[in-house]
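Chemist: This is input.pdb, which holds PDB, C-alpha atoms:
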ATOM      1  CA  MET A   2      12.044  -3.678  16.312
ATOM      2  CA  ALA A   3       8.553  -3.006  15.032
ATOM      3  CA  PHE A   4       8.491  -5.983  12.650
ATOM      4  CA  ASN A   5       4.802  -6.797  13.206
ATOM      5  CA  THR A   6       3.549  -3.221  13.402
ATOM      6  CA  LYS A   7       0.742  -2.581  10.943
ATOM      7  CA  ILE A   8       1.084   0.621   8.921
ATOM      8  CA  VAL A   9      -2.683   0.906   8.422
ATOM      9  CA  THR A  10      -5.770  -0.362  10.186
ATOM     10  CA  VAL A  11      -8.814  -2.121   8.835
ATOM     11  CA  SER A  12     -10.834   1.046   9.478
ATOM     12  CA  ASN A  13      -8.294   3.018   7.384
ATOM     13  CA  VAL A  14      -8.925   0.662   4.441
ATOM     14  CA  VAL A  15     -12.668   1.167   4.768
ATOM     15  CA  GLU A  16     -12.267   4.943   5.167
ATOM     16  CA  TYR A  17     -10.132   5.327   2.023
ATOM     17  CA  CYS A  18     -11.507   2.617  -0.242
ATOM     18  CA  ILE A  19     -14.927   1.208   0.681
ATOM     19  CA  PRO A  20     -18.027   3.375   0.330
ATOM     20  CA  ASP A  21     -20.230   0.750   2.051
ATOM     21  CA  ALA A  22     -20.302   1.164   5.846
ATOM     22  CA  SER A  23     -21.884  -2.285   6.307
ATOM     23  CA  PHE A  24     -18.952  -4.072   4.632
ATOM     24  CA  ASP A  25     -17.415  -6.944   6.641
ATOM     25  CA  THR A  26     -13.981  -5.468   7.254
ATOM     26  CA  GLU A  27     -12.289  -8.398   8.994
ATOM     27  CA  VAL A  28     -11.254  -9.830   5.631
ATOM     28  CA  PHE A  29      -8.598  -7.083   5.408
ATOM     29  CA  ASN A  30      -6.874  -7.900   8.690
ATOM     30  CA  ASN A  31      -4.750 -10.748   7.305
ATOM     31  CA  TYR A  32      -3.601  -8.713   4.300
ATOM     32  CA  ILE A  33      -2.123  -5.635   5.979
ATOM     33  CA  LEU A  34       1.287  -7.003   7.036
ATOM     34  CA  PRO A  35       1.949  -8.973   3.826
ATOM     35  CA  ALA A  36       0.933  -5.982   1.675
ATOM     36  CA  GLN A  37       3.164  -3.531   3.501
ATOM     37  CA  ARG A  38       6.095  -5.946   3.400
ATOM     38  CA  GLN A  39       5.545  -6.581  -0.311
ATOM     39  CA  TYR A  40       4.893  -3.063  -1.550
ATOM     40  CA  LEU A  41       6.202  -0.593   1.009
ATOM     41  CA  ARG A  42       9.479  -2.079   2.257
ATOM     42  CA  GLU A  43      10.981  -2.126  -1.237
ATOM     43  CA  LEU A  44       9.658   1.348  -2.029
ATOM     44  CA  LEU A  45      11.092   3.017   1.082
ATOM     45  CA  GLY A  46      14.198   0.904   1.570
ATOM     46  CA  GLU A  47      14.791  -1.239   4.655
ATOM     47  CA  THR A  48      16.129   1.544   6.906
ATOM     48  CA  TYR A  49      13.392   4.070   6.208
ATOM     49  CA  TYR A  50      10.714   1.340   6.308
ATOM     50  CA  ASN A  51      11.866   0.443   9.836
ATOM     51  CA  THR A  52      11.877   4.129  10.795
ATOM     52  CA  ILE A  53       8.240   4.447   9.711
ATOM     53  CA  LEU A  54       7.281   1.230  11.537
ATOM     54  CA  THR A  55       8.904   2.495  14.724
ATOM     55  CA  SER A  56       7.118   5.839  14.394
ATOM     56  CA  VAL A  57       3.749   4.118  13.912
ATOM     57  CA  GLU A  58       4.403   1.835  16.881
ATOM     58  CA  THR A  59       5.597   4.544  19.274
ATOM     59  CA  GLY A  60       3.516   7.442  17.974
ATOM     60  CA  SER A  61       6.683   9.534  17.983
ATOM     61  CA  TRP A  62       7.066  11.247  14.615
ATOM     62  CA  VAL A  63       9.518  13.479  12.828
ATOM     63  CA  THR A  64       7.323  16.050  11.082
ATOM     64  CA  GLU A  65       8.403  15.195   7.520
ATOM     65  CA  ASP A  66       7.844  11.466   8.162
ATOM     66  CA  GLN A  67       4.364  12.108   9.554
ATOM     67  CA  THR A  68       3.530  14.222   6.500
ATOM     68  CA  LEU A  69       4.624  11.453   4.148
ATOM     69  CA  TYR A  70       2.750   8.842   6.192
ATOM     70  CA  ASP A  71      -0.512  10.790   6.457
ATOM     71  CA  ASN A  72      -0.599  12.080   2.888
ATOM     72  CA  PHE A  73       0.888   9.215   0.873
ATOM     73  CA  ILE A  74       1.846   5.999   2.697
ATOM     74  CA  ARG A  75      -1.448   5.372   4.471
ATOM     75  CA  PRO A  76      -3.754   5.924   1.451
ATOM     76  CA  MET A  77      -1.404   3.989  -0.850
ATOM     77  CA  MET A  78      -1.270   1.034   1.528
ATOM     78  CA  CYS A  79      -5.052   0.978   1.913
ATOM     79  CA  TRP A  80      -5.436   0.521  -1.841
ATOM     80  CA  TYR A  81      -2.768  -2.214  -1.896
ATOM     81  CA  VAL A  82      -4.490  -4.042   0.976
ATOM     82  CA  LEU A  83      -7.811  -3.873  -0.844
ATOM     83  CA  TYR A  84      -6.138  -5.142  -4.030
ATOM     84  CA  ASP A  85      -4.609  -8.121  -2.226
ATOM     85  CA  ALA A  86      -7.854  -8.916  -0.385
ATOM     86  CA  MET A  87     -10.136  -8.772  -3.440
ATOM     87  CA  PRO A  88     -10.038 -12.520  -4.243
ATOM     88  CA  GLN A  89     -11.052 -13.275  -0.640
ATOM     89  CA  VAL A  90     -13.800 -10.638  -0.795
ATOM     90  CA  ARG A  91     -15.246 -12.286  -3.895
ATOM     91  CA  ASN A  92     -14.733 -15.925  -2.876
ATOM     92  CA  LYS A  93     -14.855 -17.745   0.434
ATOM     93  CA  ILE A  94     -13.060 -20.984   1.252
ATOM     94  CA  THR A  95     -15.305 -23.388   3.159
ATOM     95  CA  SER A  96     -15.314 -27.084   3.974
ATOM     96  CA  GLN A  97     -17.586 -27.529   0.926
ATOM     97  CA  GLY A  98     -15.043 -25.857  -1.361
ATOM     98  CA  ILE A  99     -14.609 -22.367  -2.767
ATOM     99  CA  MET A 100     -17.866 -20.442  -2.692
ATOM    100  CA  VAL A 101     -18.704 -17.209  -4.463
ATOM    101  CA  ASN A 102     -20.009 -14.646  -1.981
ATOM    102  CA  ASP A 103     -23.619 -14.022  -2.908
ATOM    103  CA  THR A 104     -26.757 -12.874  -1.117
ATOM    104  CA  GLU A 105     -30.433 -13.102  -1.831
ATOM    105  CA  PHE A 106     -30.669  -9.465  -2.927
ATOM    106  CA  SER A 107     -27.466  -9.061  -4.916
ATOM    107  CA  GLN A 108     -26.119 -10.151  -8.243
ATOM    108  CA  GLN A 109     -22.566 -11.402  -8.639
ATOM    109  CA  SER A 110     -20.400  -9.391 -11.029
ATOM    110  CA  SER A 111     -18.952 -11.016 -14.116
ATOM    111  CA  ARG A 112     -15.295 -12.015 -14.256
ATOM    112  CA  GLU A 113     -14.711  -9.090 -16.590
ATOM    113  CA  ASP A 114     -16.298  -6.627 -14.147
ATOM    114  CA  TYR A 115     -14.303  -8.106 -11.291
ATOM    115  CA  GLY A 116     -11.086  -7.898 -13.319
ATOM    116  CA  ALA A 117     -11.771  -4.298 -14.296
ATOM    117  CA  LEU A 118     -12.416  -3.350 -10.676
ATOM    118  CA  ARG A 119      -9.257  -5.087  -9.464
ATOM    119  CA  ASN A 120      -7.237  -3.324 -12.183
ATOM    120  CA  SER A 121      -8.738  -0.014 -11.106
ATOM    121  CA  ILE A 122      -7.763  -0.694  -7.491
ATOM    122  CA  ILE A 123      -4.132  -1.497  -8.335
ATOM    123  CA  ALA A 124      -4.024   1.600 -10.557
ATOM    124  CA  SER A 125      -5.121   3.708  -7.592
ATOM    125  CA  ALA A 126      -2.380   2.203  -5.428
ATOM    126  CA  GLU A 127       0.220   2.790  -8.140
ATOM    127  CA  ARG A 128      -0.866   6.434  -8.505
ATOM    128  CA  TRP A 129      -0.326   6.953  -4.765
ATOM    129  CA  LYS A 130       3.079   5.272  -5.094
ATOM    130  CA  LYS A 131       4.060   7.532  -7.979
ATOM    131  CA  ASP A 132       2.892  10.605  -6.060
ATOM    132  CA  LEU A 133       4.879   9.506  -2.992
ATOM    133  CA  LYS A 134       8.050   9.141  -5.055
ATOM    134  CA  GLN A 135       7.483  12.525  -6.695
ATOM    135  CA  TYR A 136       6.860  14.189  -3.346
ATOM    136  CA  VAL A 137      10.087  12.794  -1.862
ATOM    137  CA  ASP A 138      12.073  13.691  -5.007
ATOM    138  CA  ASP A 139      10.745  17.258  -4.892
ATOM    139  CA  ALA A 140      11.472  17.560  -1.170
ATOM    140  CA  GLN A 141      15.027  16.269  -1.679
ATOM    141  CA  GLU A 142      15.530  18.640  -4.599
ATOM    142  CA  ASP A 143      14.503  21.574  -2.382
ATOM    143  CA  ASN A 144      16.450  20.310   0.634
ATOM    144  CA  SER A 145      19.151  17.680   0.154
ATOM    145  CA  SER A 146      18.878  16.575   3.788
ATOM    146  CA  ALA A 147      15.158  15.699   3.499
ATOM    147  CA  TYR A 148      14.288  12.032   3.953
ATOM    148  CA  PRO A 149      17.904  10.913   4.458
ATOM    149  CA  ASP A 150      16.980   7.243   5.038
ATOM    150  CA  TYR A 151      14.683   6.993   2.008
ATOM    151  CA  ASP A 152      16.121   4.606  -0.581
ATOM    152  CA  ASP A 153      14.062   4.109  -3.718
ATOM    153  CA  GLY A 154      16.326   1.294  -4.836
ATOM    154  CA  LYS A 155      17.809   3.164  -7.797
ATOM    155  CA  ASP A 156      21.272   1.939  -8.612
ATOM    156  CA  GLU A 157      23.187   5.179  -9.102
ATOM    157  CA  SER A 158      26.314   3.373 -10.328
ATOM    158  CA  SER A 159      24.714   1.439 -13.169
ATOM    159  CA  ASN A 160      25.563   1.854 -16.836
ATOM    160  CA  LYS A 161      23.091   4.275 -18.394
ATOM    161  CA  TYR A 162      22.728   4.836 -22.119
ATOM    162  CA  GLY A 163      26.199   3.572 -22.973
ATOM    163  CA  PHE A 164      28.082   5.756 -20.515
ATOM    164  CA  ILE A 165      29.981   4.271 -17.623
ATOM    165  CA  LEU A 166      29.333   6.161 -14.390
ATOM    166  CA  VAL A 167      31.890   5.922 -11.632
TER     167      VAL A 167
END
Please go through the file and, once you have read it, give me the structure as structure tokens.

Modeler:
Amino acid sequence: MAFNTKIVTVSNVVEYCIPDASFDTEVFNNYILPAQRQYLRELLGETYYNTILTSVETGSWVTEDQTLYDNFIRPMMCWYVLYDAMPQVRNKITSQGIMVNDTEFSQQSSREDYGALRNSIIASAERWKKDLKQYVDDAQEDNSSAYPDYDDGKDESSNKYGFILV
């Protein structure tokens, strides 16, 4: 099983999200696996999540899976990784305590600016997630056999608007 396979790389995060080529990218490395397990596994469902992990690990793709990965999963996950890493980007834990990253030629943003940026980052990730869901829904509407392992977690047997569905 591809349990520890990373869906994205640190360079993917920089490519999609960071306009500064001199940015220290290693901060993202520890956030990739937790982010994909938190955000992607639930979105895709366990079976399809494992299918994507196996495809990433082996490099062997079904065309529709590769399309979804290249156009939606990878950019979405880059934004989620950046979102999760933001506190570490802003602050550094040292033996002297928690330090705010600062240099001689820069000015630290305010808490409000930082909060607005972090909200913008999660909004970007959520837009990619919404687009991914819409893409899969449209593909399944056009072809009922598309993405057979995809499970968005909707409970099709639940009570909706006072009607009992069987």

Chemist: Applied to the shown file, which residues does the PyMOL selection byres ((chain A and resi 82) around 7) return, written as a ChimeraX atom specification?

Modeler: /A:29,32-33,36,78-81,83-86

Chemist: Take the selection from the previous step and output its residues with C-alpha atoms, as an mmCIF file, in the coordinates of the input.

Modeler:
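part_29.cif was written with the following content:
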data_model
loop_
_atom_site.group_PDB
_atom_site.id
_atom_site.type_symbol
_atom_site.label_atom_id
_atom_site.label_comp_id
_atom_site.auth_asym_id
_atom_site.auth_seq_id
_atom_site.Cartn_x
_atom_site.Cartn_y
_atom_site.Cartn_z
ATOM 1 C CA PHE A 29 -8.598 -7.083 5.408
ATOM 2 C CA TYR A 32 -3.601 -8.713 4.300
ATOM 3 C CA ILE A 33 -2.123 -5.635 5.979
ATOM 4 C CA ALA A 36 0.933 -5.982 1.675
ATOM 5 C CA MET A 78 -1.270 1.034 1.528
ATOM 6 C CA CYS A 79 -5.052 0.978 1.913
ATOM 7 C CA TRP A 80 -5.436 0.521 -1.841
ATOM 8 C CA TYR A 81 -2.768 -2.214 -1.896
ATOM 9 C CA LEU A 83 -7.811 -3.873 -0.844
ATOM 10 C CA TYR A 84 -6.138 -5.142 -4.030
ATOM 11 C CA ASP A 85 -4.609 -8.121 -2.226
ATOM 12 C CA ALA A 86 -7.854 -8.916 -0.385
#

Chemist: Residues near A:Arg38, anyone? I mean within 12 Å using all atoms listed in the file, not counting same-chain ones fewer than 6 positions away, as an NGL selection string.

Modeler: :A and (4-8 or 32 or 44-47 or 50-51 or 54 or 78 or 81-82)

Chemist: If I put a ball of radius 12 Å at (13.2, 3.4, 10.9) in the file's coordinates, which residues poke into it when counting all atoms listed in the file, written as a PyMOL selection string?

Modeler: chain A and resi 2-4+6+42+45-59+61-63+66+148-152

Chemist: To one decimal in Å, tell me the separation between atom CA of A:Phe73 and atom CA of A:Leu133.

Modeler: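 Result for atom CA of A:Phe73 versus atom CA of A:Leu133: 5.6 Å, one decimal.
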
Chemist: Smallest atom-to-atom distance to A:Lys130: which of A:Cys18, A:Val11, A:Met77, A:Val90, using only C-alpha atoms?

Modeler: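 The answer is A:Met77, which sits nearest to A:Lys130.
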
Chemist: Which residue gives the smallest distance to A:Leu118 among A:Val9, A:Leu69, A:Val15, A:Met87, with only C-alpha atoms counted?

Modeler: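 Using only C-alpha atoms, the shortest distance to A:Leu118 belongs to A:Met87.
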
Chemist: Counting all atoms listed in the file, which residue out of A:Pro88, A:Glu65, A:Trp129, A:Pro20 sits closest to A:Gln141?

Modeler: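 Looking at the shortest contact to A:Gln141, the residue is A:Glu65.
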
Chemist: Quick one: pull the distance between atom CA of A:Gln67 and atom CA of A:Tyr40, Å, one decimal.

Modeler: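 Computing the Euclidean distance for atom CA of A:Gln67 and atom CA of A:Tyr40 yields 18.8 Å.
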
Chemist: Grab the atom CA of A:Lys134 to atom CA of A:Tyr115 distance for me, in Å with one decimal place.

Modeler: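 Distance between the two atoms: 28.9 Å.
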
Chemist: For A:Ala140, which of A:Thr68, A:Gly116, A:Pro76, A:Arg91 is the closest residue, counting only C-alpha atoms?

Modeler: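 The closest residue to A:Ala140 is A:Thr68.
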